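Undergrad: I'd like to ask some things about the structure below.
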Amino acid sequence: MGRFNIPLFKLNYDKNEENAVLRTMKSQWISSGPKVNKLEKKFSEIIGTRYSLATSNCTSSLHLAVLTAGIKYGDEVLCPSLTFVATVNSILYVGAVPVFCDIKSESELTISPDDIERKITSKTKAIIVMHYAGFPCDMKRIMKISRKYKLKVIEDACHAPLSEYQGRKLGTFGVSSCYSFYSNKNISTGEGGMFNTNIKQYFQQAKLLRSHGISTTSFDRLKDSKDYNVLGAGYNYRMDDLRASIALVQLEKLKMDIYRRAKVRKLYLKYLTNINSVKIPFVNYDGNYSNYIFPILVQNRDQVRKYLLKKGIQTSIHYKPVHRLSTYEKYYLELPLTDLVYSKLLTLPMYGSLKLVEIKYIVNSLAEIVK
Ligand SMILES: Cc1ncc(COP(=O)(O)O)c(C=O)c1O
């Protein structure tokens with residue numbers, strides 16, 4: 001088989017995204033306006049939360065989630081370490097303390113409800129969960145714990161658009177949830193995010209904070225020339241209409257993209273079962289998931305990664321655990337399963353247009369190095 005050049009991710013773009021951007025440019029309104037409004041309406045419809053608020057990225061959405069949940073200086077927030085740093089940074093932005101929890105097991109890389117319960121103190125105010133790779137955290141147990149100890153749950157659902165848990169969409173369980181539209185996500189707009197909630201007060205507060213605390217938007221003022229007031233020092237966490245118009249096209253494609261990713265996962269599972277030394281997390285999960293990434297566990301991970309790169313296969317690691325990064329040293333806790341999994345963790349290419357011949361090439365290349 002000849003040399004392939006297989007990236008980790010391929011953008012699912014065509015003429016429709018280009019035309020959407022052109023139409024927005026020609027409309028003469030490119031910053032936050034009607035496209036953002038339309039996107040928010042559509043997003044809340046498909047996820048099933050009452051309110052959605054488009055933002056500049058998921059990091060700003062997470063910040064809004066922590067602020068609206070009333071998390072303050074000195075409060076403790078339980079969170080995973082096996083996540084992207086933004087999950088944890090959102091806790092630090094308000095002076096709260098991240099308390100890292102371990103993952104469930106080598107086959108379930110999501111936050112452990114047992115460890116959550118062990119680490120609750122009188123200062124604990126919230127739990128931020130992250131649905132790793134689009135597979136659900138144990139929401140039944142986590143919501144039960146949250147009710148027992150009166151904790152707020154925030155869902156970092158960056159990996160999980162349209163993923164389901166017991167027939168219900170992820171991102172609808174907590175007091176709020178956050179999505180990312182970063183380039184390599186299921187919905188790609190370059191930069192972008194979405195804050196979702198069923199709580200009107202959270203939505204109103206987040207909307208104010210998103211745009212400097214100003215009581216009206218520039219688009220509103222265009223129509224009625226009304227005066228405005230500032231109701232609190234907010235931020236500029238807005239999305240623009242150029243990106244919203246891309247997101248609207250991406251939303252139309254989302255179901256099909258996820259269907260194709262599910263097929264890719266099935267093929268990976270089929271061919272990888274022949275390699276005993278490769279372990280596949282979430283292997284028995286059998287529902288509707290976003291399949292944002294495809295993680296595996298292998299011995300000598302760095303050597304395997306180098307070999308695959310030589311064969312033209314791009315891989316990644318999701319993630320170097322946050323408690324192992326120098327900025328977070330102060331919050332270090334022993335997380336044996338997280339550390340163990342990290343030492344073997346490797347992300348293989350995953351996108352809807354990944355071909356059968358490419359999947360076979362990836363699996364064969366993997367077999368060559370691990371055997
Ligand atoms: C789990 C997780 N949380 C938060 C983020 C931050 O998203 P953004 O880059 O849109 O700020 C990402 C994206 O990389 C992510 O994967």
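Following the order of the structure tokens, first chain is A, next is B, and so on, with residues numbered from 1 inside each chain and ligands from 1 in the order they appear.
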How would you write, as a PDB file with N, CA and C atoms, in the first residue's frame, the set of residues no farther than 9 Å from ligand 1 when counting only C-alpha atoms and all ligand atoms?
TA:
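For reference, selection_2.pdb as written:
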```pdb
ATOM      1  N   THR A  55     -21.336  32.518  21.568  1.00  0.00           N
ATOM      2  CA  THR A  55     -20.208  33.240  22.161  1.00  0.00           C
ATOM      3  C   THR A  55     -18.976  33.165  21.254  1.00  0.00           C
ATOM      4  N   SER A  56     -17.941  33.874  21.675  1.00  0.00           N
ATOM      5  CA  SER A  56     -16.697  33.937  20.884  1.00  0.00           C
ATOM      6  C   SER A  56     -15.971  32.594  20.868  1.00  0.00           C
ATOM      7  N   ASN A  57     -16.157  31.785  21.899  1.00  0.00           N
ATOM      8  CA  ASN A  57     -15.538  30.446  21.976  1.00  0.00           C
ATOM      9  C   ASN A  57     -16.118  29.727  23.199  1.00  0.00           C
ATOM     10  N   CYS A  58     -15.715  28.481  23.374  1.00  0.00           N
ATOM     11  CA  CYS A  58     -16.260  27.746  24.525  1.00  0.00           C
ATOM     12  C   CYS A  58     -15.656  28.233  25.834  1.00  0.00           C
ATOM     13  N   THR A  59     -14.422  28.709  25.778  1.00  0.00           N
ATOM     14  CA  THR A  59     -13.783  29.190  27.007  1.00  0.00           C
ATOM     15  C   THR A  59     -14.608  30.330  27.609  1.00  0.00           C
ATOM     16  N   SER A  60     -15.077  31.258  26.753  1.00  0.00           N
ATOM     17  CA  SER A  60     -15.903  32.355  27.271  1.00  0.00           C
ATOM     18  C   SER A  60     -17.252  31.816  27.760  1.00  0.00           C
ATOM     19  N   SER A  61     -17.783  30.803  27.073  1.00  0.00           N
ATOM     20  CA  SER A  61     -19.044  30.187  27.538  1.00  0.00           C
ATOM     21  C   SER A  61     -18.861  29.578  28.924  1.00  0.00           C
ATOM     22  N   LEU A  62     -17.725  28.898  29.119  1.00  0.00           N
ATOM     23  CA  LEU A  62     -17.451  28.280  30.428  1.00  0.00           C
ATOM     24  C   LEU A  62     -17.324  29.353  31.508  1.00  0.00           C
ATOM     25  N   LEU A  82      -8.435  15.012  33.143  1.00  0.00           N
ATOM     26  CA  LEU A  82      -8.301  14.549  31.759  1.00  0.00           C
ATOM     27  C   LEU A  82      -9.265  15.348  30.879  1.00  0.00           C
ATOM     28  N   THR A  83      -8.871  16.600  30.648  1.00  0.00           N
ATOM     29  CA  THR A  83      -9.696  17.517  29.861  1.00  0.00           C
ATOM     30  C   THR A  83      -8.786  18.593  29.285  1.00  0.00           C
ATOM     31  N   PHE A  84      -9.369  19.452  28.449  1.00  0.00           N
ATOM     32  CA  PHE A  84      -8.604  20.595  27.967  1.00  0.00           C
ATOM     33  C   PHE A  84      -8.537  21.647  29.081  1.00  0.00           C
ATOM     34  N   VAL A  85      -7.434  22.374  29.138  1.00  0.00           N
ATOM     35  CA  VAL A  85      -7.200  23.307  30.261  1.00  0.00           C
ATOM     36  C   VAL A  85      -8.320  24.329  30.471  1.00  0.00           C
ATOM     37  N   ALA A  86      -9.059  24.647  29.400  1.00  0.00           N
ATOM     38  CA  ALA A  86     -10.105  25.681  29.519  1.00  0.00           C
ATOM     39  C   ALA A  86     -11.159  25.303  30.563  1.00  0.00           C
ATOM     40  N   THR A  87     -11.444  24.011  30.695  1.00  0.00           N
ATOM     41  CA  THR A  87     -12.425  23.559  31.701  1.00  0.00           C
ATOM     42  C   THR A  87     -11.987  24.058  33.075  1.00  0.00           C
ATOM     43  N   VAL A  88     -10.703  23.908  33.339  1.00  0.00           N
ATOM     44  CA  VAL A  88     -10.152  24.229  34.663  1.00  0.00           C
ATOM     45  C   VAL A  88      -9.926  25.743  34.802  1.00  0.00           C
ATOM     46  N   MET A 130     -17.062  16.722  31.902  1.00  0.00           N
ATOM     47  CA  MET A 130     -16.678  16.855  30.488  1.00  0.00           C
ATOM     48  C   MET A 130     -16.958  15.518  29.810  1.00  0.00           C
ATOM     49  N   HIS A 131     -17.803  15.551  28.806  1.00  0.00           N
ATOM     50  CA  HIS A 131     -18.209  14.313  28.125  1.00  0.00           C
ATOM     51  C   HIS A 131     -17.129  13.934  27.103  1.00  0.00           C
ATOM     52  N   TYR A 132     -16.142  13.200  27.595  1.00  0.00           N
ATOM     53  CA  TYR A 132     -14.928  12.888  26.824  1.00  0.00           C
ATOM     54  C   TYR A 132     -15.250  12.174  25.501  1.00  0.00           C
ATOM     55  N   ALA A 133     -14.725  12.715  24.419  1.00  0.00           N
ATOM     56  CA  ALA A 133     -14.885  12.155  23.066  1.00  0.00           C
ATOM     57  C   ALA A 133     -16.350  12.128  22.608  1.00  0.00           C
ATOM     58  N   ASP A 156     -19.342  20.642  30.372  1.00  0.00           N
ATOM     59  CA  ASP A 156     -18.470  21.003  29.258  1.00  0.00           C
ATOM     60  C   ASP A 156     -18.782  19.973  28.174  1.00  0.00           C
ATOM     61  N   ALA A 157     -19.618  20.404  27.230  1.00  0.00           N
ATOM     62  CA  ALA A 157     -20.114  19.474  26.193  1.00  0.00           C
ATOM     63  C   ALA A 157     -19.421  19.728  24.854  1.00  0.00           C
ATOM     64  N   CYS A 158     -18.212  20.288  24.922  1.00  0.00           N
ATOM     65  CA  CYS A 158     -17.437  20.613  23.708  1.00  0.00           C
ATOM     66  C   CYS A 158     -17.335  19.437  22.745  1.00  0.00           C
ATOM     67  N   HIS A 159     -17.209  18.237  23.299  1.00  0.00           N
ATOM     68  CA  HIS A 159     -17.004  17.053  22.456  1.00  0.00           C
ATOM     69  C   HIS A 159     -18.325  16.411  22.036  1.00  0.00           C
ATOM     70  N   CYS A 178     -21.819  23.994  27.779  1.00  0.00           N
ATOM     71  CA  CYS A 178     -21.007  24.817  26.878  1.00  0.00           C
ATOM     72  C   CYS A 178     -20.470  23.984  25.722  1.00  0.00           C
ATOM     73  N   TYR A 179     -20.497  24.560  24.534  1.00  0.00           N
ATOM     74  CA  TYR A 179     -20.009  23.895  23.315  1.00  0.00           C
ATOM     75  C   TYR A 179     -18.936  24.750  22.659  1.00  0.00           C
ATOM     76  N   SER A 180     -18.060  24.081  21.901  1.00  0.00           N
ATOM     77  CA  SER A 180     -17.021  24.797  21.146  1.00  0.00           C
ATOM     78  C   SER A 180     -17.227  24.576  19.657  1.00  0.00           C
ATOM     79  N   PHE A 181     -16.994  25.632  18.887  1.00  0.00           N
ATOM     80  CA  PHE A 181     -17.031  25.512  17.423  1.00  0.00           C
ATOM     81  C   PHE A 181     -15.632  25.735  16.843  1.00  0.00           C
ATOM     82  N   TYR A 182     -14.615  25.449  17.645  1.00  0.00           N
ATOM     83  CA  TYR A 182     -13.222  25.538  17.179  1.00  0.00           C
ATOM     84  C   TYR A 182     -13.064  24.666  15.926  1.00  0.00           C
ATOM     85  N   SER A 183     -12.069  24.983  15.101  1.00  0.00           N
ATOM     86  CA  SER A 183     -11.941  24.349  13.777  1.00  0.00           C
ATOM     87  C   SER A 183     -12.121  22.841  13.766  1.00  0.00           C
ATOM     88  N   ASN A 184     -11.510  22.145  14.743  1.00  0.00           N
ATOM     89  CA  ASN A 184     -11.529  20.680  14.659  1.00  0.00           C
ATOM     90  C   ASN A 184     -12.707  20.036  15.391  1.00  0.00           C
ATOM     91  N   LYS A 185     -13.683  20.850  15.794  1.00  0.00           N
ATOM     92  CA  LYS A 185     -14.836  20.282  16.506  1.00  0.00           C
ATOM     93  C   LYS A 185     -15.884  19.772  15.504  1.00  0.00           C
ATOM     94  N   GLY A 190     -13.979  28.038  13.029  1.00  0.00           N
ATOM     95  CA  GLY A 190     -12.701  28.708  13.331  1.00  0.00           C
ATOM     96  C   GLY A 190     -12.623  28.931  14.826  1.00  0.00           C
ATOM     97  N   GLU A 191     -13.349  29.933  15.286  1.00  0.00           N
ATOM     98  CA  GLU A 191     -13.560  30.151  16.728  1.00  0.00           C
ATOM     99  C   GLU A 191     -15.059  30.303  16.930  1.00  0.00           C
ATOM    100  N   GLY A 192     -15.538  29.925  18.098  1.00  0.00           N
ATOM    101  CA  GLY A 192     -16.968  30.082  18.366  1.00  0.00           C
ATOM    102  C   GLY A 192     -17.397  29.154  19.477  1.00  0.00           C
ATOM    103  N   GLY A 193     -18.506  29.496  20.113  1.00  0.00           N
ATOM    104  CA  GLY A 193     -18.998  28.651  21.195  1.00  0.00           C
ATOM    105  C   GLY A 193     -20.473  28.888  21.449  1.00  0.00           C
ATOM    106  N   MET A 194     -21.035  28.101  22.373  1.00  0.00           N
ATOM    107  CA  MET A 194     -22.449  28.255  22.711  1.00  0.00           C
ATOM    108  C   MET A 194     -22.637  27.962  24.192  1.00  0.00           C
ATOM    109  N   HIS A 318      -5.286  13.324  23.737  1.00  0.00           N
ATOM    110  CA  HIS A 318      -6.334  14.084  24.442  1.00  0.00           C
ATOM    111  C   HIS A 318      -6.517  13.505  25.840  1.00  0.00           C
TER     112      HIS A 318
END
```
Undergrad: I'd like the contact shell of Pro295 in chain A - 7 Å cut-off, only C-alpha atoms, skipping same-chain residues fewer than 5 positions apart - returned as number ranges by chain.
TA: A: 280-281, 345-348
Undergrad: Find the residue from A:Ser122, A:Ser27, A:Thr49, A:Ser105 that sits nearest to Gly74 in chain A; use only C-alpha atoms when measuring.
TA: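 So, comparing all the options, the nearest one is A:Ser122.
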Undergrad: Please identify all polymer residues within 6 Å of range 63-70 of chain A, counting only C-alpha atoms, omitting same-chain residues fewer than 5 positions from it, and present them as number ranges by chain.
TA: A: 90, 202, 206
Undergrad: So that I can check the surroundings of Leu8 in chain A, please list as a VMD selection string every protein, DNA and RNA residue that reaches within 7 Å of it, counting only C-alpha atoms and ignoring chain neighbours fewer than 6 positions away.
TA: chain A and resid 314 to 315 348 to 350
Undergrad: Could you jot down the CA of Glu108 in chain A to CA of Lys320 in chain A separation for me, Å, one decimal place?
TA: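 Value for the CA of Glu108 in chain A-CA of Lys320 in chain A distance: 16.6 Å.
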Undergrad: Can you work out which one of A:Tyr235, A:Phe43, A:Phe219, A:Tyr51 has the shortest atom-to-atom distance to Leu248 in chain A, counting only C-alpha atoms?
TA: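 Among the listed residues, the smallest separation from Leu248 in chain A belongs to A:Phe43.
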Undergrad: Just want the 10 Å neighbourhood of Lys140 in chain A, counted on only C-alpha atoms, with same-chain residues fewer than 2 positions away dropped. Output as a list in words.
TA: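 Those residues are Pro113, Cys137, Asp138, Ile142, Met143, Lys144, Ile145, Tyr165, Gln166 and Phe173 of chain A.
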Undergrad: Leaving out Asp240 in chain A and any residue of its chain fewer than 6 positions from it, which residues lie within 7 Å of it when counting only C-alpha atoms, given as a PyMOL selection string?
TA: chain A and resi 30-32+36
